[in-house]
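Colleague: Sharing a structure with you now.
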Amino acid sequence: MKITMLGTSAAVPDPERADSAIHISIGDKSYLFDCGHGATRQMIKAGIDPTEVNHIFLSHLHYDHISEFPYFLLTTWICDRGLSPVVVGPPGTQSFVDHLFEDGAFAKDIEARAQYPRRQNVEILRPEVRECQPGLIFEDELVSVKACFVEHIPKEISECFGLRLDTKDGKSISFSGDTAPCDAFVELSKGVDVMIHECTFPEEAIEFRKKVKVGTWAHTSPIELGKLASEARAKCLIATHFASFDSLNPVVQKTMGVHMPQEIMGPHQLDLVEKDIKKSYSGELHLAYDLMEIEL
Ligand SMILES: [Zn+2]
């Protein structure tokens, strides 16, 4: 079993990090958690064939977690995907997918390509959508996947999920999606082999964002992450979904300037994040970067 961190960024465009996407391979089967911008190209860089990814789980419907999905569907169709993919996501996923097709965003493109003899199989393009609620959301001969509510977008707008995948031979991975520290996710992750958890901003940026009142603060700080990973007794922790606070790119720094003072950005912030997580968590810790692989 191998985990590949395809994208480790948050919503700010970053040349060093694609948006949220995690590939899990078990034998010759592929599972994808989130489908953020860049995921398909990252799969190819990692030697993963995207036409063989048939199960996609969306943690929530923020664009940095789903914007690649239309590209992934179309491009694997024209690359001769063999099966229609299954996409499991929160309520709203069906509408998101439907708007790509008849009278939707890509209707003309699909109609044009479907004229070719090799593209008569339009049914392959259309995924099977399963909108889910907390509990068991998927099962096949290799894995079961459970979901819980996490705390990110107000529920009346859109539900957000944390996920846990268990293999039939006893290995386990949990993924927080985006969330503030959340008891339900700690409970879902109890004793997990690998916890993959968002850690969007370092402590200094969180203080700054509170002062300037920018965006949501429904994220988890490094100090909070150390505490909850320890409470869940996660054997290994991968911190991810970094909002480019480590970037030295001047354009990224300018964009991120509303979230934290430009002069404190840079790779040293990752050292501070690591130090803050380790205040409470003593297990194996990885700070995610794109294409990082973990074997289980
Ligand atoms: Zn996000």
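By order of appearance in the structure tokens: chains A, B, ..., then residues from 1 within every chain, and ligands from 1 in the order shown.
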Tell me which protein, DNA and RNA residues are within 10 Å of range 141-152 of chain A, counting only C-alpha atoms, leaving out same-chain ones fewer than 3 positions away, and put them as a ChimeraX atom specification.
Modeller: /A:26-27,29,31,57,59-60,89-90,132-138,155,158-188,216-220
Colleague: Residues as selected, N, CA and C atoms, written as a short mmCIF file (atom, residue, chain, number, x, y, z; two decimals), in the first residue's frame, can you do that?
Modeller:
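Resulting contents of again39.cif:
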data_model
loop_
_atom_site.label_atom_id
_atom_site.label_comp_id
_atom_site.auth_asym_id
_atom_site.auth_seq_id
_atom_site.Cartn_x
_atom_site.Cartn_y
_atom_site.Cartn_z
N ILE A 26 -3.37 0.26 -3.62
CA ILE A 26 -3.34 -1.03 -2.90
C ILE A 26 -3.34 -2.09 -4.00
N GLY A 27 -2.23 -2.80 -4.12
CA GLY A 27 -2.10 -3.73 -5.25
C GLY A 27 -2.24 -2.94 -6.54
N LYS A 29 -5.06 -1.50 -7.42
CA LYS A 29 -6.24 -0.62 -7.31
C LYS A 29 -5.84 0.77 -6.82
N TYR A 31 -7.20 4.63 -5.31
CA TYR A 31 -8.24 5.45 -4.66
C TYR A 31 -7.69 6.87 -4.56
N PHE A 57 -12.96 10.20 -3.72
CA PHE A 57 -13.69 10.64 -2.53
C PHE A 57 -13.41 12.13 -2.34
N SER A 59 -13.68 15.42 -0.01
CA SER A 59 -13.91 15.76 1.40
C SER A 59 -14.94 16.88 1.53
N HIS A 60 -14.89 17.84 0.61
CA HIS A 60 -15.86 18.94 0.60
C HIS A 60 -15.77 19.67 -0.73
N GLY A 89 -19.06 11.91 -2.45
CA GLY A 89 -18.84 13.24 -1.90
C GLY A 89 -20.04 13.74 -1.13
N PRO A 90 -19.95 14.93 -0.58
CA PRO A 90 -21.06 15.46 0.22
C PRO A 90 -22.25 15.85 -0.67
N CYS A 132 -22.95 11.27 0.20
CA CYS A 132 -22.85 10.48 1.43
C CYS A 132 -23.21 11.27 2.68
N GLN A 133 -23.39 10.54 3.74
CA GLN A 133 -23.61 11.07 5.08
C GLN A 133 -22.63 10.36 6.01
N PRO A 134 -22.38 10.90 7.22
CA PRO A 134 -21.43 10.23 8.10
C PRO A 134 -21.77 8.75 8.31
N GLY A 135 -20.70 7.95 8.45
CA GLY A 135 -20.86 6.51 8.60
C GLY A 135 -20.07 5.81 7.51
N LEU A 136 -20.42 4.55 7.26
CA LEU A 136 -19.76 3.78 6.20
C LEU A 136 -20.21 4.34 4.84
N ILE A 137 -19.27 4.80 4.02
CA ILE A 137 -19.67 5.42 2.75
C ILE A 137 -19.25 4.60 1.53
N PHE A 138 -18.38 3.60 1.75
CA PHE A 138 -17.91 2.82 0.59
C PHE A 138 -17.30 1.52 1.09
N LYS A 155 -22.57 24.21 8.03
CA LYS A 155 -23.27 23.03 7.47
C LYS A 155 -24.45 23.41 6.58
N SER A 158 -22.76 23.96 3.15
CA SER A 158 -22.19 22.75 2.56
C SER A 158 -21.54 21.89 3.64
N GLU A 159 -21.78 20.60 3.56
CA GLU A 159 -21.23 19.69 4.57
C GLU A 159 -19.79 19.30 4.21
N CYS A 160 -18.96 19.20 5.23
CA CYS A 160 -17.54 18.86 5.03
C CYS A 160 -17.24 17.59 5.79
N PHE A 161 -16.45 16.72 5.17
CA PHE A 161 -16.18 15.41 5.77
C PHE A 161 -14.70 15.16 6.04
N GLY A 162 -14.44 14.42 7.13
CA GLY A 162 -13.18 13.75 7.33
C GLY A 162 -13.40 12.30 6.90
N LEU A 163 -12.33 11.63 6.48
CA LEU A 163 -12.45 10.29 5.92
C LEU A 163 -11.50 9.32 6.60
N ARG A 164 -11.87 8.05 6.65
CA ARG A 164 -10.96 7.02 7.13
C ARG A 164 -11.08 5.80 6.23
N LEU A 165 -9.94 5.34 5.74
CA LEU A 165 -9.91 4.14 4.90
C LEU A 165 -9.23 3.02 5.68
N ASP A 166 -9.88 1.89 5.78
CA ASP A 166 -9.32 0.68 6.41
C ASP A 166 -9.19 -0.40 5.35
N THR A 167 -8.02 -1.03 5.30
CA THR A 167 -7.89 -2.15 4.36
C THR A 167 -8.35 -3.42 5.05
N LYS A 168 -8.70 -4.41 4.24
CA LYS A 168 -9.19 -5.68 4.81
C LYS A 168 -8.07 -6.42 5.54
N ASP A 169 -6.79 -6.03 5.24
CA ASP A 169 -5.69 -6.67 5.99
C ASP A 169 -5.19 -5.81 7.15
N GLY A 170 -6.01 -4.86 7.62
CA GLY A 170 -5.75 -4.21 8.90
C GLY A 170 -4.95 -2.91 8.89
N LYS A 171 -4.73 -2.30 7.72
CA LYS A 171 -4.04 -1.00 7.69
C LYS A 171 -5.06 0.13 7.61
N SER A 172 -4.66 1.31 8.09
CA SER A 172 -5.64 2.39 8.16
C SER A 172 -5.01 3.76 7.90
N ILE A 173 -5.80 4.61 7.24
CA ILE A 173 -5.38 5.98 6.93
C ILE A 173 -6.58 6.88 7.21
N SER A 174 -6.36 8.02 7.86
CA SER A 174 -7.46 8.99 7.95
C SER A 174 -7.02 10.31 7.31
N PHE A 175 -8.00 11.05 6.82
CA PHE A 175 -7.74 12.33 6.14
C PHE A 175 -8.76 13.35 6.63
N SER A 176 -8.27 14.48 7.12
CA SER A 176 -9.16 15.43 7.78
C SER A 176 -9.99 16.28 6.82
N GLY A 177 -9.58 16.35 5.51
CA GLY A 177 -10.12 17.44 4.71
C GLY A 177 -9.71 18.75 5.35
N ASP A 178 -10.52 19.78 5.25
CA ASP A 178 -10.23 21.06 5.93
C ASP A 178 -11.10 21.16 7.17
N THR A 179 -10.49 21.53 8.28
CA THR A 179 -11.28 21.60 9.52
C THR A 179 -10.54 22.33 10.64
N ALA A 180 -11.32 22.91 11.52
CA ALA A 180 -10.81 23.30 12.84
C ALA A 180 -10.66 22.00 13.64
N PRO A 181 -9.94 22.04 14.77
CA PRO A 181 -9.83 20.81 15.56
C PRO A 181 -11.22 20.24 15.84
N CYS A 182 -11.36 18.94 15.65
CA CYS A 182 -12.69 18.36 15.59
C CYS A 182 -12.72 17.01 16.32
N ASP A 183 -13.54 16.91 17.37
CA ASP A 183 -13.62 15.68 18.18
C ASP A 183 -14.05 14.48 17.34
N ALA A 184 -15.00 14.72 16.41
CA ALA A 184 -15.49 13.59 15.60
C ALA A 184 -14.36 13.00 14.75
N PHE A 185 -13.46 13.87 14.26
CA PHE A 185 -12.36 13.36 13.46
C PHE A 185 -11.33 12.63 14.33
N VAL A 186 -11.10 13.14 15.54
CA VAL A 186 -10.20 12.45 16.48
C VAL A 186 -10.76 11.04 16.75
N GLU A 187 -12.06 10.98 16.99
CA GLU A 187 -12.71 9.69 17.26
C GLU A 187 -12.58 8.75 16.05
N LEU A 188 -12.83 9.29 14.85
CA LEU A 188 -12.74 8.49 13.62
C LEU A 188 -11.33 7.95 13.41
N THR A 216 -11.91 32.70 6.74
CA THR A 216 -12.34 31.86 7.86
C THR A 216 -11.12 31.50 8.71
N TRP A 217 -11.31 31.21 9.97
CA TRP A 217 -10.24 30.56 10.72
C TRP A 217 -10.65 29.15 11.13
N ALA A 218 -11.48 28.53 10.30
CA ALA A 218 -11.86 27.14 10.55
C ALA A 218 -10.79 26.20 10.02
N HIS A 219 -9.59 26.39 10.51
CA HIS A 219 -8.47 25.51 10.18
C HIS A 219 -7.80 25.09 11.49
N THR A 220 -6.78 24.24 11.37
CA THR A 220 -6.11 23.70 12.56
C THR A 220 -4.69 24.24 12.64
#
Colleague: Collect all residues with atoms no farther than 7 Å from ligand 1, counting only C-alpha atoms and all ligand atoms, and output them as a PyMOL selection string.
Modeller: chain A and resi 10-11+20+62+64-65+178+241
Colleague: Taking C-alpha atoms for each residue, export the selection above as a compact mmCIF listing (two decimals), in the first residue's frame.
Modeller:
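result32.txt written:
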# COMPACT_ATOMS: atom_id res chain seq x y z
CA ALA A 10 -4.35 25.32 0.03
CA ALA A 11 -6.25 27.66 -2.30
CA SER A 20 -5.36 19.02 -2.35
CA HIS A 62 -14.30 24.08 -1.90
CA ASP A 64 -9.10 23.77 -4.04
CA HIS A 65 -10.38 20.20 -3.44
CA ASP A 178 -10.23 21.06 5.93
CA HIS A 241 -2.66 21.72 3.01
Colleague: Quick check for you: according to DSSP on this backbone, which residues of range 107-292 of chain A are classed as helix (DSSP H, G or I)? Reply as a compact mmCIF listing (two decimals) with N, CA and C atoms, in the first residue's frame.
Modeller:
# COMPACT_ATOMS: atom_id res chain seq x y z
N ALA A 107 -20.59 20.91 -22.28
CA ALA A 107 -21.54 20.25 -23.19
C ALA A 107 -21.06 20.29 -24.64
N LYS A 108 -20.59 21.45 -25.09
CA LYS A 108 -20.19 21.58 -26.50
C LYS A 108 -18.93 20.78 -26.79
N ASP A 109 -17.99 20.82 -25.88
CA ASP A 109 -16.76 20.04 -26.05
C ASP A 109 -17.10 18.55 -26.16
N ILE A 110 -17.95 18.08 -25.25
CA ILE A 110 -18.31 16.66 -25.25
C ILE A 110 -19.04 16.29 -26.54
N GLU A 111 -19.97 17.16 -26.96
CA GLU A 111 -20.74 16.89 -28.19
C GLU A 111 -19.79 16.80 -29.39
N ALA A 112 -18.82 17.72 -29.43
CA ALA A 112 -17.88 17.73 -30.56
C ALA A 112 -17.01 16.48 -30.58
N ARG A 113 -16.45 16.13 -29.43
CA ARG A 113 -15.56 14.96 -29.39
C ARG A 113 -16.32 13.66 -29.62
N PRO A 117 -15.42 8.33 -34.10
CA PRO A 117 -15.80 6.92 -33.87
C PRO A 117 -15.29 6.39 -32.53
N ARG A 118 -14.08 6.81 -32.14
CA ARG A 118 -13.49 6.28 -30.90
C ARG A 118 -14.13 6.87 -29.63
N ARG A 119 -14.92 7.94 -29.80
CA ARG A 119 -15.50 8.63 -28.63
C ARG A 119 -17.02 8.47 -28.55
N VAL A 122 -19.71 7.83 -24.68
CA VAL A 122 -19.89 8.97 -23.78
C VAL A 122 -20.28 8.52 -22.36
N GLU A 123 -20.91 7.35 -22.27
CA GLU A 123 -21.35 6.86 -20.94
C GLU A 123 -20.17 6.63 -19.99
N ILE A 124 -18.98 6.36 -20.56
CA ILE A 124 -17.77 6.15 -19.74
C ILE A 124 -17.37 7.45 -19.02
N LEU A 125 -17.66 8.56 -19.69
CA LEU A 125 -17.28 9.88 -19.17
C LEU A 125 -18.05 10.22 -17.90
N ASP A 183 -13.54 16.91 17.37
CA ASP A 183 -13.62 15.68 18.18
C ASP A 183 -14.05 14.48 17.34
N ALA A 184 -15.00 14.72 16.41
CA ALA A 184 -15.49 13.59 15.60
C ALA A 184 -14.36 13.00 14.75
N PHE A 185 -13.46 13.87 14.26
CA PHE A 185 -12.36 13.36 13.46
C PHE A 185 -11.33 12.63 14.33
N VAL A 186 -11.10 13.14 15.54
CA VAL A 186 -10.20 12.45 16.48
C VAL A 186 -10.76 11.04 16.75
N GLU A 187 -12.06 10.98 16.99
CA GLU A 187 -12.71 9.69 17.26
C GLU A 187 -12.58 8.75 16.05
N LEU A 188 -12.83 9.29 14.85
CA LEU A 188 -12.74 8.49 13.62
C LEU A 188 -11.33 7.95 13.41
N GLU A 203 1.26 29.35 13.42
CA GLU A 203 0.66 30.11 14.53
C GLU A 203 0.67 31.63 14.27
N GLU A 204 1.79 32.14 13.77
CA GLU A 204 1.90 33.59 13.55
C GLU A 204 0.86 34.10 12.55
N ALA A 205 0.62 33.31 11.48
CA ALA A 205 -0.36 33.71 10.46
C ALA A 205 -1.76 33.71 11.04
N ILE A 206 -2.04 32.75 11.93
CA ILE A 206 -3.38 32.67 12.52
C ILE A 206 -3.65 33.92 13.36
N GLU A 207 -2.65 34.33 14.14
CA GLU A 207 -2.79 35.56 14.94
C GLU A 207 -3.03 36.77 14.03
N PHE A 208 -2.26 36.86 12.95
CA PHE A 208 -2.36 37.97 12.01
C PHE A 208 -3.74 38.00 11.35
N ARG A 209 -4.23 36.83 10.93
CA ARG A 209 -5.53 36.76 10.25
C ARG A 209 -6.66 37.16 11.19
N LYS A 210 -6.52 36.82 12.48
CA LYS A 210 -7.55 37.23 13.44
C LYS A 210 -7.59 38.75 13.52
N LYS A 211 -6.39 39.37 13.55
CA LYS A 211 -6.32 40.83 13.68
C LYS A 211 -6.92 41.53 12.46
N VAL A 212 -6.59 41.05 11.24
CA VAL A 212 -7.06 41.73 10.03
C VAL A 212 -8.41 41.20 9.54
N PRO A 222 -0.69 24.37 14.07
CA PRO A 222 0.27 23.30 14.38
C PRO A 222 0.19 22.83 15.84
N ILE A 223 0.03 23.75 16.78
CA ILE A 223 -0.04 23.34 18.19
C ILE A 223 -1.29 22.49 18.43
N GLU A 224 -2.42 22.93 17.85
CA GLU A 224 -3.66 22.14 17.98
C GLU A 224 -3.50 20.77 17.31
N LEU A 225 -2.82 20.74 16.17
CA LEU A 225 -2.65 19.47 15.44
C LEU A 225 -1.85 18.47 16.26
N GLY A 226 -0.78 18.93 16.90
CA GLY A 226 0.02 18.04 17.75
C GLY A 226 -0.84 17.42 18.84
N LYS A 227 -1.69 18.25 19.46
CA LYS A 227 -2.55 17.75 20.56
C LYS A 227 -3.53 16.70 20.05
N LEU A 228 -4.18 16.98 18.92
CA LEU A 228 -5.24 16.06 18.48
C LEU A 228 -4.67 14.76 17.91
N ALA A 229 -3.49 14.85 17.26
CA ALA A 229 -2.87 13.62 16.73
C ALA A 229 -2.43 12.71 17.88
N SER A 230 -1.99 13.35 18.96
CA SER A 230 -1.58 12.61 20.14
C SER A 230 -2.81 11.96 20.80
N GLU A 231 -3.88 12.74 20.90
CA GLU A 231 -5.13 12.23 21.49
C GLU A 231 -5.68 11.04 20.69
N PRO A 250 8.05 35.73 -5.19
CA PRO A 250 7.53 37.07 -4.86
C PRO A 250 6.04 37.26 -5.16
N VAL A 251 5.53 36.59 -6.20
CA VAL A 251 4.10 36.75 -6.52
C VAL A 251 3.26 36.02 -5.47
N VAL A 252 3.69 34.81 -5.10
CA VAL A 252 2.98 34.07 -4.05
C VAL A 252 3.01 34.87 -2.75
N GLN A 253 4.17 35.42 -2.44
CA GLN A 253 4.30 36.20 -1.19
C GLN A 253 3.36 37.40 -1.20
N LYS A 254 3.26 38.05 -2.37
CA LYS A 254 2.35 39.22 -2.47
C LYS A 254 0.90 38.76 -2.24
N THR A 255 0.52 37.65 -2.89
CA THR A 255 -0.85 37.13 -2.74
C THR A 255 -1.12 36.75 -1.29
N MET A 256 -0.12 36.15 -0.65
CA MET A 256 -0.29 35.68 0.73
C MET A 256 -0.17 36.82 1.75
N GLN A 262 4.58 39.57 4.84
CA GLN A 262 5.47 38.98 3.84
C GLN A 262 6.87 38.66 4.41
N GLU A 263 7.34 39.54 5.30
CA GLU A 263 8.73 39.39 5.77
C GLU A 263 8.94 38.16 6.65
N ILE A 264 7.84 37.53 7.13
CA ILE A 264 8.05 36.32 7.94
C ILE A 264 7.80 35.03 7.15
N HIS A 268 11.74 28.58 6.51
CA HIS A 268 11.95 28.44 7.95
C HIS A 268 10.63 28.25 8.70
N GLN A 269 9.50 28.71 8.07
CA GLN A 269 8.19 28.54 8.72
C GLN A 269 7.86 27.06 8.93
N LEU A 270 8.36 26.21 8.01
CA LEU A 270 8.10 24.77 8.16
C LEU A 270 8.80 24.22 9.40
N ASP A 271 9.99 24.78 9.73
CA ASP A 271 10.69 24.34 10.96
C ASP A 271 9.86 24.71 12.19
N LEU A 272 9.23 25.91 12.13
CA LEU A 272 8.40 26.33 13.27
C LEU A 272 7.16 25.45 13.40
N VAL A 273 6.56 25.11 12.24
CA VAL A 273 5.39 24.24 12.24
C VAL A 273 5.75 22.90 12.88
N GLU A 274 6.90 22.34 12.46
CA GLU A 274 7.34 21.04 13.00
C GLU A 274 7.54 21.12 14.52
N LYS A 275 8.20 22.20 14.94
CA LYS A 275 8.47 22.39 16.38
C LYS A 275 7.15 22.47 17.17
N ASP A 276 6.19 23.22 16.62
CA ASP A 276 4.91 23.40 17.32
C ASP A 276 4.10 22.10 17.38
N ILE A 277 4.11 21.31 16.30
CA ILE A 277 3.39 20.02 16.33
C ILE A 277 4.02 19.11 17.39
N LYS A 278 5.37 19.13 17.43
CA LYS A 278 6.08 18.20 18.34
C LYS A 278 5.94 18.58 19.81
Colleague: Restricting the calculation to only C-alpha atoms, which member of A:Gln42, A:Ser244, A:Ser9, A:Ser221 is positioned closest to Phe72 in chain A?
Modeller: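 Nearest to Phe72 in chain A: A:Gln42.
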Colleague: Could you give me, as a ChimeraX atom specification, each residue of range 33-184 of chain A that DSSP assigns to strand (DSSP E) when run on this structure's backbone?
Modeller: /A:33,55-57,86-89,128-131,135-139,143-149,161-167,172-175
Colleague: Those selected residues, please, written with N, CA and C atoms and delivered as a CSV table (one decimal), in the first residue's frame.
Modeller:
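Printed below is part.csv as written:
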chain,number,residue,atom,x,y,z
A,33,PHE,N,-8.3,10.7,-2.7
A,33,PHE,CA,-9.0,11.6,-1.8
A,33,PHE,C,-8.8,13.0,-2.3
A,55,HIS,N,-12.0,5.4,-8.2
A,55,HIS,CA,-12.8,5.7,-7.0
A,55,HIS,C,-12.2,7.0,-6.4
A,56,ILE,N,-13.1,8.0,-6.4
A,56,ILE,CA,-12.7,9.4,-6.0
A,56,ILE,C,-13.6,9.8,-4.8
A,57,PHE,N,-13.0,10.2,-3.7
A,57,PHE,CA,-13.7,10.6,-2.5
A,57,PHE,C,-13.4,12.1,-2.3
A,86,VAL,N,-16.4,6.1,-10.0
A,86,VAL,CA,-17.4,6.3,-8.9
A,86,VAL,C,-16.8,7.5,-8.1
A,87,VAL,N,-17.7,8.5,-7.9
A,87,VAL,CA,-17.3,9.7,-7.0
A,87,VAL,C,-18.2,9.7,-5.8
A,88,VAL,N,-17.6,9.7,-4.7
A,88,VAL,CA,-18.3,9.8,-3.4
A,88,VAL,C,-18.0,11.1,-2.8
A,89,GLY,N,-19.1,11.9,-2.5
A,89,GLY,CA,-18.8,13.2,-1.9
A,89,GLY,C,-20.0,13.7,-1.1
A,128,GLU,N,-20.4,7.7,-11.7
A,128,GLU,CA,-21.5,7.3,-10.8
A,128,GLU,C,-21.3,8.2,-9.5
A,129,VAL,N,-22.3,9.0,-9.2
A,129,VAL,CA,-22.1,9.9,-8.0
A,129,VAL,C,-22.9,9.2,-6.8
A,130,ARG,N,-22.2,9.2,-5.7
A,130,ARG,CA,-22.8,8.7,-4.5
A,130,ARG,C,-22.6,9.8,-3.4
A,131,GLU,N,-23.7,10.5,-3.1
A,131,GLU,CA,-23.7,11.6,-2.1
A,131,GLU,C,-23.8,10.8,-0.8
A,135,GLY,N,-20.7,8.0,8.5
A,135,GLY,CA,-20.9,6.5,8.6
A,135,GLY,C,-20.1,5.8,7.5
A,136,LEU,N,-20.4,4.5,7.3
A,136,LEU,CA,-19.8,3.8,6.2
A,136,LEU,C,-20.2,4.3,4.8
A,137,ILE,N,-19.3,4.8,4.0
A,137,ILE,CA,-19.7,5.4,2.7
A,137,ILE,C,-19.2,4.6,1.5
A,138,PHE,N,-18.4,3.6,1.7
A,138,PHE,CA,-17.9,2.8,0.6
A,138,PHE,C,-17.3,1.5,1.1
A,139,GLU,N,-17.5,0.5,0.3
A,139,GLU,CA,-16.8,-0.8,0.6
A,139,GLU,C,-16.6,-1.6,-0.6
A,143,VAL,N,-11.1,-2.5,0.7
A,143,VAL,CA,-11.2,-1.5,1.7
A,143,VAL,C,-12.6,-1.2,2.1
A,144,SER,N,-12.7,-0.5,3.3
A,144,SER,CA,-13.9,0.2,3.6
A,144,SER,C,-13.6,1.6,4.0
A,145,VAL,N,-14.5,2.6,3.7
A,145,VAL,CA,-14.2,4.0,3.9
A,145,VAL,C,-15.4,4.5,4.7
A,146,LYS,N,-15.0,5.2,5.8
A,146,LYS,CA,-16.0,5.9,6.7
A,146,LYS,C,-15.8,7.4,6.6
A,147,ALA,N,-16.9,8.1,6.9
A,147,ALA,CA,-16.8,9.6,7.0
A,147,ALA,C,-17.4,10.1,8.3
A,148,CYS,N,-16.9,11.3,8.7
A,148,CYS,CA,-17.5,12.0,9.8
A,148,CYS,C,-17.6,13.5,9.4
A,149,PHE,N,-18.5,14.2,10.0
A,149,PHE,CA,-18.6,15.6,9.8
A,149,PHE,C,-17.3,16.3,10.4
A,161,PHE,N,-16.4,16.7,5.2
A,161,PHE,CA,-16.2,15.4,5.8
A,161,PHE,C,-14.7,15.2,6.0
A,162,GLY,N,-14.4,14.4,7.1
A,162,GLY,CA,-13.2,13.7,7.3
A,162,GLY,C,-13.4,12.3,6.9
A,163,LEU,N,-12.3,11.6,6.5
A,163,LEU,CA,-12.5,10.3,5.9
A,163,LEU,C,-11.5,9.3,6.6
A,164,ARG,N,-11.9,8.1,6.7
A,164,ARG,CA,-11.0,7.0,7.1
A,164,ARG,C,-11.1,5.8,6.2
A,165,LEU,N,-9.9,5.3,5.7
A,165,LEU,CA,-9.9,4.1,4.9
A,165,LEU,C,-9.2,3.0,5.7
A,166,ASP,N,-9.9,1.9,5.8
A,166,ASP,CA,-9.3,0.7,6.4
A,166,ASP,C,-9.2,-0.4,5.4
A,167,THR,N,-8.0,-1.0,5.3
A,167,THR,CA,-7.9,-2.1,4.4
A,167,THR,C,-8.4,-3.4,5.1
A,172,SER,N,-4.7,1.3,8.1
A,172,SER,CA,-5.6,2.4,8.2
A,172,SER,C,-5.0,3.8,7.9
A,173,ILE,N,-5.8,4.6,7.2
A,173,ILE,CA,-5.4,6.0,6.9
A,173,ILE,C,-6.6,6.9,7.2
A,174,SER,N,-6.4,8.0,7.9
A,174,SER,CA,-7.5,9.0,7.9
A,174,SER,C,-7.0,10.3,7.3
A,175,PHE,N,-8.0,11.1,6.8
A,175,PHE,CA,-7.7,12.3,6.1
A,175,PHE,C,-8.8,13.3,6.6
Colleague: Find the residues near Val97 in chain A: any atom within 9 Å, counting only C-alpha atoms, skip ones fewer than 4 places away on the same chain, and give them as a compact mmCIF listing (two decimals) with N, CA and C atoms, in the first residue's frame.
Modeller:
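Okay, this is what ended up in out-v9.txt:
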# COMPACT_ATOMS: atom_id res chain seq x y z
N PHE A 69 -11.49 18.01 -11.02
CA PHE A 69 -12.36 16.87 -11.36
C PHE A 69 -12.86 16.91 -12.81
N PRO A 70 -13.35 18.06 -13.32
CA PRO A 70 -13.77 18.08 -14.73
C PRO A 70 -12.63 17.72 -15.68
N GLY A 92 -24.52 17.91 -2.85
CA GLY A 92 -24.04 18.97 -3.75
C GLY A 92 -23.13 18.41 -4.83
N THR A 93 -22.58 17.20 -4.59
CA THR A 93 -21.67 16.58 -5.57
C THR A 93 -22.41 16.25 -6.87
N PHE A 101 -22.30 18.46 -17.80
CA PHE A 101 -22.80 17.70 -18.95
C PHE A 101 -23.90 18.47 -19.70
N ARG A 126 -19.28 9.77 -17.86
CA ARG A 126 -20.18 10.17 -16.78
C ARG A 126 -19.94 9.34 -15.53
N PRO A 127 -19.54 9.98 -14.40
CA PRO A 127 -19.27 9.18 -13.21
C PRO A 127 -20.56 8.76 -12.50
N VAL A 129 -22.29 8.99 -9.20
CA VAL A 129 -22.15 9.86 -8.02
C VAL A 129 -22.87 9.23 -6.83
